[in-house]
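Following: one structure in structure tokens, then a few remarks.
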Amino acid sequence: MKTLKTLSAITGLASICFASQAITVLDIVQNPANGHNYYLLSPATWTASEAYAQTLGGNLATVNSDAENQWIFNTFSSFTENNTGSLWIGLYDPSQDSLGGSHESNFVWADGEPVTYTDWAGGQPDNGGGDEFYATIRPPGYSPSGSWNDLADSYNTTPVYGVVEVVPEPGTFALIGVGASIFIASRRKKS
């Protein structure tokens, strides 16, 4: 927790980054419910945040349940500038409405998972400016808490921070378990 408090003191500096770049402002935080690792990125566009997420071995977060959504909101919102920044997640409309149909039905997850959960605020997604194709978790102070909004690929007046999710490779936990077993066995032989 000491690292988290120290980083919260510097997140205001992250807002000076250019909108076309993203950097990590909060390193790995593991969600105990799913074992996935998360990072918080500096304010940037959705596309820059997603590109940077891929360099970290993940994507912007795929949210599969209300519990995961609330964990992301509760964990990262307090690290945004004055608790007013939204959080980019990996949901976006790649058709940019060119496929017709409802705007909401066009949204997909950046990692390719099927959309099985959403938490759009009332009236959202609305494509209000005609260019709102990227999903955010709204900042504290909006009701209902942790609900989603669609925004343009920018952060004009309010900074938007990317939340990266990195899913451990299958077998990672098994390898850790095997390594721990070998270590324990070798320690017993020495005794």
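Residue names in the structure tokens use chain letters A, B, ... in the order shown, residue numbers from 1 in each chain, and ligand numbers from 1 in the order shown.
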Identify, on the basis of only C-alpha atoms, every residue whose closest approach to A:Trp148 does not exceed 7 Å; exclude the query and any residue fewer than 3 positions from it along the same chain; express the result as a VMD selection string.
-> chain A and resid 119 to 121 135 to 138
Using only C-alpha atoms, which residues sit within 6 Å of stretch 90-106 of chain A once same-chain residues fewer than 2 positions away are excluded, as a list of chain:residue names?
->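 Listing them by chain and then by number gives A:Leu60, A:Ala61, A:Thr62, A:Val108, A:Trp109, A:Ala110, A:Phe133, A:Tyr134, A:Ala135.
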Shell of 10 Å around A:Ile72, only C-alpha atoms, local chain residues under 2 positions omitted, as a list in words | Asn31, Tyr38, Leu40, Ala61, Val63, Asp66, Ala67, Glu68, Asn69, Gln70, Asn74, Thr75, Phe76, Ser77, Leu87, Ile89, Ile137, Gly146 and Val163 of chain A
Residues near stretch 41-54 of chain A, cut-off 6 Å, only C-alpha atoms, skip fewer than 2 positions along chain, as a list of chain:residue names | A:Ala14, A:Ser15, A:Ala19, A:Ser20, A:Gln21, A:Ala22, A:Ile23, A:Thr24, A:Val25, A:Leu56, A:Gly57, A:Gly58, A:Asn59, A:Leu60, A:Asp153, A:Ser154, A:Pro159, A:Val160, A:Tyr161, A:Gly162, A:Val164
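One distance worth recording is that between atom CA of A:Asp111 and atom CA of A:Gly141, which is 29.2 Å.
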Apply DSSP to the backbone of this structure and, from stretch 3-175 of chain A, keep only the residues in helix (DSSP H, G or I); write these as a PyMOL selection string.
-> chain A and resi 3-14+46-55+66-79+81-83+104-106+172-175
Please report, as a ChimeraX atom specification, each residue of stretch 12-186 of chain A to which DSSP assigns strand (DSSP E) when run on this structure's backbone.
-> /A:24-30,37-43,59-60,86-92,108-109,134-137,148-151,160-166
Keeping only C-alpha atoms, write those residues as a PDB file, in the first residue's frame.
ATOM      1  CA  THR A  24       2.215   3.459 -16.666  1.00  0.00           C
ATOM      2  CA  VAL A  25       1.439   5.477 -13.541  1.00  0.00           C
ATOM      3  CA  LEU A  26       0.456   2.558 -11.319  1.00  0.00           C
ATOM      4  CA  ASP A  27       2.176  -0.809 -11.688  1.00  0.00           C
ATOM      5  CA  ILE A  28       0.676  -4.224 -11.207  1.00  0.00           C
ATOM      6  CA  VAL A  29      -2.308  -4.525  -8.914  1.00  0.00           C
ATOM      7  CA  GLN A  30      -3.750  -8.030  -8.788  1.00  0.00           C
ATOM      8  CA  ASN A  37      -3.014  -8.144 -13.148  1.00  0.00           C
ATOM      9  CA  TYR A  38      -3.968  -4.524 -13.825  1.00  0.00           C
ATOM     10  CA  TYR A  39      -2.052  -1.316 -14.536  1.00  0.00           C
ATOM     11  CA  LEU A  40      -3.210   2.293 -14.532  1.00  0.00           C
ATOM     12  CA  LEU A  41      -2.002   4.423 -17.441  1.00  0.00           C
ATOM     13  CA  SER A  42      -1.584   8.170 -17.722  1.00  0.00           C
ATOM     14  CA  PRO A  43      -4.283  10.206 -19.474  1.00  0.00           C
ATOM     15  CA  ASN A  59      -5.435  -4.976 -23.446  1.00  0.00           C
ATOM     16  CA  LEU A  60      -7.561  -2.299 -21.911  1.00  0.00           C
ATOM     17  CA  SER A  86     -12.703   8.611 -16.183  1.00  0.00           C
ATOM     18  CA  LEU A  87     -11.191   5.171 -16.852  1.00  0.00           C
ATOM     19  CA  TRP A  88     -10.820   3.744 -20.371  1.00  0.00           C
ATOM     20  CA  ILE A  89     -11.883   0.111 -20.635  1.00  0.00           C
ATOM     21  CA  GLY A  90     -11.473  -2.155 -23.667  1.00  0.00           C
ATOM     22  CA  LEU A  91     -15.012  -1.799 -25.031  1.00  0.00           C
ATOM     23  CA  TYR A  92     -15.263   0.066 -28.334  1.00  0.00           C
ATOM     24  CA  VAL A 108     -16.879  -5.282 -28.802  1.00  0.00           C
ATOM     25  CA  TRP A 109     -14.004  -6.009 -26.403  1.00  0.00           C
ATOM     26  CA  TYR A 134     -14.958   4.219 -26.820  1.00  0.00           C
ATOM     27  CA  ALA A 135     -16.213   3.160 -23.378  1.00  0.00           C
ATOM     28  CA  THR A 136     -15.189   4.619 -20.036  1.00  0.00           C
ATOM     29  CA  ILE A 137     -16.054   4.001 -16.428  1.00  0.00           C
ATOM     30  CA  TRP A 148     -20.202   3.575 -18.209  1.00  0.00           C
ATOM     31  CA  ASN A 149     -20.209   6.321 -20.821  1.00  0.00           C
ATOM     32  CA  ASP A 150     -19.096   6.474 -24.443  1.00  0.00           C
ATOM     33  CA  LEU A 151     -16.543   9.129 -25.393  1.00  0.00           C
ATOM     34  CA  VAL A 160      -9.169   9.704 -19.123  1.00  0.00           C
ATOM     35  CA  TYR A 161      -6.810   7.072 -17.700  1.00  0.00           C
ATOM     36  CA  GLY A 162      -6.432   3.628 -19.272  1.00  0.00           C
ATOM     37  CA  VAL A 163      -6.882   0.502 -17.153  1.00  0.00           C
ATOM     38  CA  VAL A 164      -4.853  -2.392 -18.566  1.00  0.00           C
ATOM     39  CA  GLU A 165      -5.699  -6.012 -17.790  1.00  0.00           C
ATOM     40  CA  VAL A 166      -3.091  -8.726 -18.233  1.00  0.00           C
TER      41      VAL A 166
END
Separation of atom CA of A:Gly128 from atom CA of A:Pro144, in Å and rounded to one decimal =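 Computed distance, atom CA of A:Gly128 to atom CA of A:Pro144, equals 19.4 Å.
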Given only C-alpha atoms as the counted atoms, nearest of A:Pro170, A:Thr158, A:Ser145, A:Gly130 to A:Phe73 |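 Of A:Pro170, A:Thr158, A:Ser145, A:Gly130, the one nearest A:Phe73, counting only C-alpha atoms, is A:Ser145.
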What is the atom CA of A:Glu169-atom CA of A:Tyr117 distance in Å, reported with one decimal?
-> 23.1 Å
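Nearest residue to A:Pro125, choosing from A:Pro139, A:Gly35, A:Ala152, A:Gly112 and counting only C-alpha atoms: A:Ala152.
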